[in-house]
Amino acid sequence: MPGYIKEDARSWGRRTMQGCVNVTIPSFTRDLKRLNEKGIRHDIRRAIELGFEGTLLVSEVNITIDEYRQFTAWAADEAKGRLHLVVHAAFGTLEDNIEATNLASAAGADYVLLSYPANFYPTSEQEVFDYTKAYCDAIDLGVMLFPVPLWNFGRLHPADISPEMLERMVAEIPNVIAIKAEGAMPLIGGLLDVYRRLHDKVVISSPLEKDIIPLMSVMNFQYSGTSNFEYYGDVMPRMFKLAKAGDLDGAMKLYWQIQPARQANSSLNTYVSGTLFLNRMMWKFQGWLSGMNGGPLRHPTMKISDGHMAVLRRGAEAAGLNPSKDPNAAFFVGRNPE
């Protein structure tokens, strides 16, 4: 259960959501029939070692609701309060997302990143509001809203969720605690507009380190996530901490150091062929390069080629991140095979 009551979720978020949040993609056994407990616990320990404040427990893979509950329970047991656990409300229906969230809350999750199902095709922003409110009303956790082109809401408003609608959600849904502001990405106008309007009410986050670190010279961000920051090892938590303390020279030195890895990441981590879907296998490989478990994912999953892996490995090497020297084949086995 969360360490706050629902009515206090927003103040809890303002006090507690500090630093950087990466992602943890579930690990599976070699026969893909079960979750891999050793691999999951390994990744939670690694996220703590790298200095992350929290981790998103990714559900946008082939995982059942009960498996997601178990995933959360193992993560909570391993973290023992050292890492905030973020529910990924990315299941196929409103009802499934509510069920998964409530089970994850009971298993030890702290707050939620709200996604919208692939089959959800609203014809008005009111429908987006109705879905969001129905979800938030049915759970006890604080919720981070997520305007982003992934949902195909740009046909309703160019900012993906209009600033006015985000203001209404914050005003009328008390357990909205944060906004992961990627509306109209790659433009930064969505982030800047949301920050201007709402930073005094809820936590505003950008998961794009290429933007948030330079912007911290003129804006007061307390939190960045959720994203595949683990690709950069411990650099993002260090960089963010320096920028937050006012040492922008130190932060920007690290910023420019990882530019080759940033370019590799940007060149591959786009919405593949216009599918509006992230390649989670690619993200899992990025984590594996920096010491996370890796290992197989169930079908259906996007794939990763030797060419992709070479680009990511070379980028990490050029950035001085000392990626794993294990052969690519070892990624598909994982560091803790079961």
# chains A, B, ... in the order shown; residues from 1 in each chain; ligands from 1
call {"tool": "residues_around", "arguments": {"residues": "Thr93 of chain A", "least_positions_apart": "5", "cutoff": "9 Å", "atoms": "only C-alpha atoms", "output": "list in words"}}
result
Ile98, Tyr116, Pro117, Ala118, Asn119 and Phe120 of chain A
call {"tool": "write_last_selection", "arguments": {"atoms": "C-alpha atoms", "output": "mmCIF file, in the first residue's frame"}}
result
data_model
loop_
_atom_site.group_PDB
_atom_site.id
_atom_site.type_symbol
_atom_site.label_atom_id
_atom_site.label_comp_id
_atom_site.auth_asym_id
_atom_site.auth_seq_id
_atom_site.Cartn_x
_atom_site.Cartn_y
_atom_site.Cartn_z
ATOM 1 C CA ILE A 98 -7.773 -0.477 -12.724
ATOM 2 C CA TYR A 116 -4.144 4.980 -22.846
ATOM 3 C CA PRO A 117 -5.099 1.696 -24.557
ATOM 4 C CA ALA A 118 -4.370 1.099 -28.236
ATOM 5 C CA ASN A 119 -8.072 0.552 -28.940
ATOM 6 C CA PHE A 120 -9.136 3.754 -27.182
#
call {"tool": "residues_around", "arguments": {"residues": "Ala90 of chain A", "least_positions_apart": "6", "cutoff": "12 Å", "atoms": "only C-alpha atoms", "output": "number ranges by chain"}}
result
A: 56-65, 68, 96-101, 112-120, 135, 146, 150-151, 277
call {"tool": "write_last_selection", "arguments": {"atoms": "N, CA and C atoms", "output": "short mmCIF file (atom, residue, chain, number, x, y, z; two decimals), in the first residue's frame"}}
result
data_model
loop_
_atom_site.label_atom_id
_atom_site.label_comp_id
_atom_site.auth_asym_id
_atom_site.auth_seq_id
_atom_site.Cartn_x
_atom_site.Cartn_y
_atom_site.Cartn_z
N LEU A 56 10.06 2.71 -13.32
CA LEU A 56 8.78 2.33 -13.92
C LEU A 56 8.79 0.83 -14.18
N LEU A 57 7.82 0.12 -13.62
CA LEU A 57 7.69 -1.31 -13.85
C LEU A 57 6.88 -1.50 -15.13
N VAL A 58 7.59 -1.74 -16.22
CA VAL A 58 6.98 -1.71 -17.55
C VAL A 58 5.97 -2.84 -17.73
N SER A 59 4.78 -2.48 -18.20
CA SER A 59 3.75 -3.48 -18.51
C SER A 59 3.48 -3.58 -20.00
N GLU A 60 4.13 -2.73 -20.79
CA GLU A 60 3.88 -2.69 -22.23
C GLU A 60 4.68 -3.79 -22.94
N VAL A 61 4.54 -5.00 -22.39
CA VAL A 61 5.12 -6.22 -22.94
C VAL A 61 4.07 -7.32 -22.73
N ASN A 62 4.38 -8.53 -23.13
CA ASN A 62 3.42 -9.63 -22.98
C ASN A 62 3.50 -10.16 -21.55
N ILE A 63 2.68 -9.57 -20.67
CA ILE A 63 2.65 -9.95 -19.26
C ILE A 63 1.20 -9.93 -18.79
N THR A 64 0.81 -10.91 -17.99
CA THR A 64 -0.56 -10.96 -17.48
C THR A 64 -0.70 -10.03 -16.27
N ILE A 65 -1.94 -9.77 -15.90
CA ILE A 65 -2.18 -8.92 -14.73
C ILE A 65 -1.64 -9.57 -13.46
N TYR A 68 2.01 -9.27 -13.40
CA TYR A 68 2.41 -7.90 -13.07
C TYR A 68 2.36 -7.67 -11.56
N ASP A 96 -8.96 -3.42 -17.01
CA ASP A 96 -7.70 -4.12 -16.75
C ASP A 96 -6.69 -3.19 -16.06
N ASN A 97 -6.65 -1.96 -16.48
CA ASN A 97 -5.71 -1.03 -15.86
C ASN A 97 -6.07 -0.76 -14.40
N ILE A 98 -7.35 -0.66 -14.11
CA ILE A 98 -7.77 -0.48 -12.72
C ILE A 98 -7.41 -1.70 -11.89
N GLU A 99 -7.72 -2.89 -12.40
CA GLU A 99 -7.40 -4.11 -11.66
C GLU A 99 -5.90 -4.25 -11.43
N ALA A 100 -5.11 -4.06 -12.48
CA ALA A 100 -3.66 -4.20 -12.36
C ALA A 100 -3.09 -3.18 -11.38
N THR A 101 -3.59 -1.96 -11.42
CA THR A 101 -3.09 -0.92 -10.53
C THR A 101 -3.40 -1.23 -9.08
N VAL A 112 1.56 6.04 -10.21
CA VAL A 112 1.20 5.49 -11.51
C VAL A 112 1.59 6.44 -12.64
N LEU A 113 2.06 5.86 -13.74
CA LEU A 113 2.13 6.56 -15.02
C LEU A 113 0.95 6.08 -15.86
N LEU A 114 0.06 6.99 -16.21
CA LEU A 114 -1.16 6.62 -16.93
C LEU A 114 -0.94 6.65 -18.44
N SER A 115 -1.13 5.49 -19.07
CA SER A 115 -1.16 5.38 -20.52
C SER A 115 -2.60 5.24 -20.98
N TYR A 116 -2.81 5.17 -22.29
CA TYR A 116 -4.14 4.98 -22.85
C TYR A 116 -4.11 3.80 -23.80
N PRO A 117 -5.13 2.93 -23.77
CA PRO A 117 -5.10 1.70 -24.56
C PRO A 117 -5.06 1.94 -26.06
N ALA A 118 -4.49 0.99 -26.78
CA ALA A 118 -4.37 1.10 -28.24
C ALA A 118 -5.73 1.18 -28.93
N ASN A 119 -6.74 0.55 -28.34
CA ASN A 119 -8.07 0.55 -28.94
C ASN A 119 -8.94 1.71 -28.46
N PHE A 120 -8.39 2.59 -27.66
CA PHE A 120 -9.14 3.75 -27.18
C PHE A 120 -9.01 4.85 -28.23
N TYR A 135 -10.56 6.25 -14.26
CA TYR A 135 -9.39 5.50 -13.78
C TYR A 135 -8.93 6.04 -12.42
N PHE A 146 0.18 11.92 -18.87
CA PHE A 146 1.22 11.70 -19.87
C PHE A 146 0.74 12.12 -21.26
N LEU A 150 2.13 9.35 -28.69
CA LEU A 150 1.83 7.93 -28.75
C LEU A 150 0.34 7.61 -28.79
N TRP A 151 -0.50 8.47 -28.21
CA TRP A 151 -1.92 8.13 -28.06
C TRP A 151 -2.76 8.50 -29.28
N PHE A 277 4.77 2.93 -31.23
CA PHE A 277 5.06 1.91 -30.23
C PHE A 277 6.56 1.86 -30.01
#
call {"tool": "select_by_dssp", "arguments": {"residues": "segment 102-234 of chain A", "states": "helix (DSSP H, G or I)", "output": "ChimeraX atom specification"}}
result
/A:102-107,125-137,149-151,163-172,189-198,209-215,229-232
call {"tool": "atom_distance", "arguments": {"atom1": "atom CA of Pro163 of chain A", "atom2": "atom CA of Gly13 of chain A"}}
result
20.6 Å
call {"tool": "atom_distance", "arguments": {"atom1": "atom CA of Val194 of chain A", "atom2": "atom CA of Asn228 of chain A"}}
result
22.6 Å
call {"tool": "residues_around", "arguments": {"residues": "segment 33-39 of chain A", "least_positions_apart": "5", "cutoff": "9 Å", "atoms": "only C-alpha atoms", "output": "list in words"}}
result
Pro26, Ser27, Phe28, Ile44, Ile63, Glu67, Gln70, Phe71, Trp74, Met292, Asn293, Gly294, Gly295, Arg298, Gly334, Arg335, Asn336, Pro337 and Glu338 of chain A
call {"tool": "residues_around", "arguments": {"residues": "segment 246-255 of chain A", "least_positions_apart": "3", "cutoff": "12 Å", "atoms": "only C-alpha atoms", "output": "PyMOL selection string"}}
result
chain A and resi 208-221+232-243+258-263+319-321
call {"tool": "residues_around", "arguments": {"residues": "Leu192 of chain A", "least_positions_apart": "3", "cutoff": "10 Å", "atoms": "only C-alpha atoms", "output": "ChimeraX atom specification"}}
result
/A:181-183,187-189,195-197,199,204,206,215,219
call {"tool": "residues_around", "arguments": {"residues": "Gln286 of chain A", "least_positions_apart": "2", "cutoff": "9 Å", "atoms": "only C-alpha atoms", "output": "list of chain:residue names"}}
result
A:Asn228, A:Glu230, A:Tyr231, A:Tyr232, A:Asn265, A:Met281, A:Met282, A:Trp283, A:Lys284, A:Trp288, A:Leu289, A:Ser290, A:Met292, A:Gly294, A:Met309, A:Leu312, A:Arg313
call {"tool": "residues_around", "arguments": {"residues": "segment 123-128 of chain A", "least_positions_apart": "2", "cutoff": "12 Å", "atoms": "only C-alpha atoms", "output": "PyMOL selection string"}}
result
chain A and resi 94+114-117+120-121+130-135+145-147+151-166+168-169
call {"tool": "select_by_dssp", "arguments": {"residues": "segment 70-118 of chain A", "states": "strand (DSSP E)", "output": "list in words"}}
result
His84, Leu85, Val86, Val87, His88, Ala89, Tyr111, Val112, Leu113 and Leu114 of chain A
call {"tool": "write_last_selection", "arguments": {"atoms": "N, CA and C atoms", "output": "compact mmCIF listing (two decimals), in the first residue's frame"}}
result
# COMPACT_ATOMS: atom_id res chain seq x y z
N HIS A 84 11.29 4.13 -5.38
CA HIS A 84 9.86 4.24 -5.61
C HIS A 84 9.48 3.43 -6.86
N LEU A 85 8.38 2.70 -6.75
CA LEU A 85 7.94 1.84 -7.84
C LEU A 85 6.72 2.46 -8.51
N VAL A 86 6.83 2.61 -9.83
CA VAL A 86 5.81 3.30 -10.60
C VAL A 86 5.03 2.27 -11.43
N VAL A 87 3.73 2.23 -11.24
CA VAL A 87 2.86 1.36 -12.03
C VAL A 87 2.76 1.90 -13.45
N HIS A 88 2.85 1.00 -14.42
CA HIS A 88 2.68 1.36 -15.83
C HIS A 88 1.28 0.92 -16.24
N ALA A 89 0.35 1.87 -16.22
CA ALA A 89 -1.05 1.56 -16.53
C ALA A 89 -1.22 1.51 -18.05
N TYR A 111 3.13 5.00 -7.09
CA TYR A 111 2.29 5.88 -7.89
C TYR A 111 2.23 5.34 -9.30
N VAL A 112 1.56 6.04 -10.21
CA VAL A 112 1.20 5.49 -11.51
C VAL A 112 1.59 6.44 -12.64
N LEU A 113 2.06 5.86 -13.74
CA LEU A 113 2.13 6.56 -15.02
C LEU A 113 0.95 6.08 -15.86
N LEU A 114 0.06 6.99 -16.21
CA LEU A 114 -1.16 6.62 -16.93
C LEU A 114 -0.94 6.65 -18.44
call {"tool": "closest_residue", "arguments": {"among": "A:Lys325, A:Arg46, A:His308, A:Lys6", "to": "Cys136 of chain A", "atoms": "only C-alpha atoms"}}
result
A:Lys6
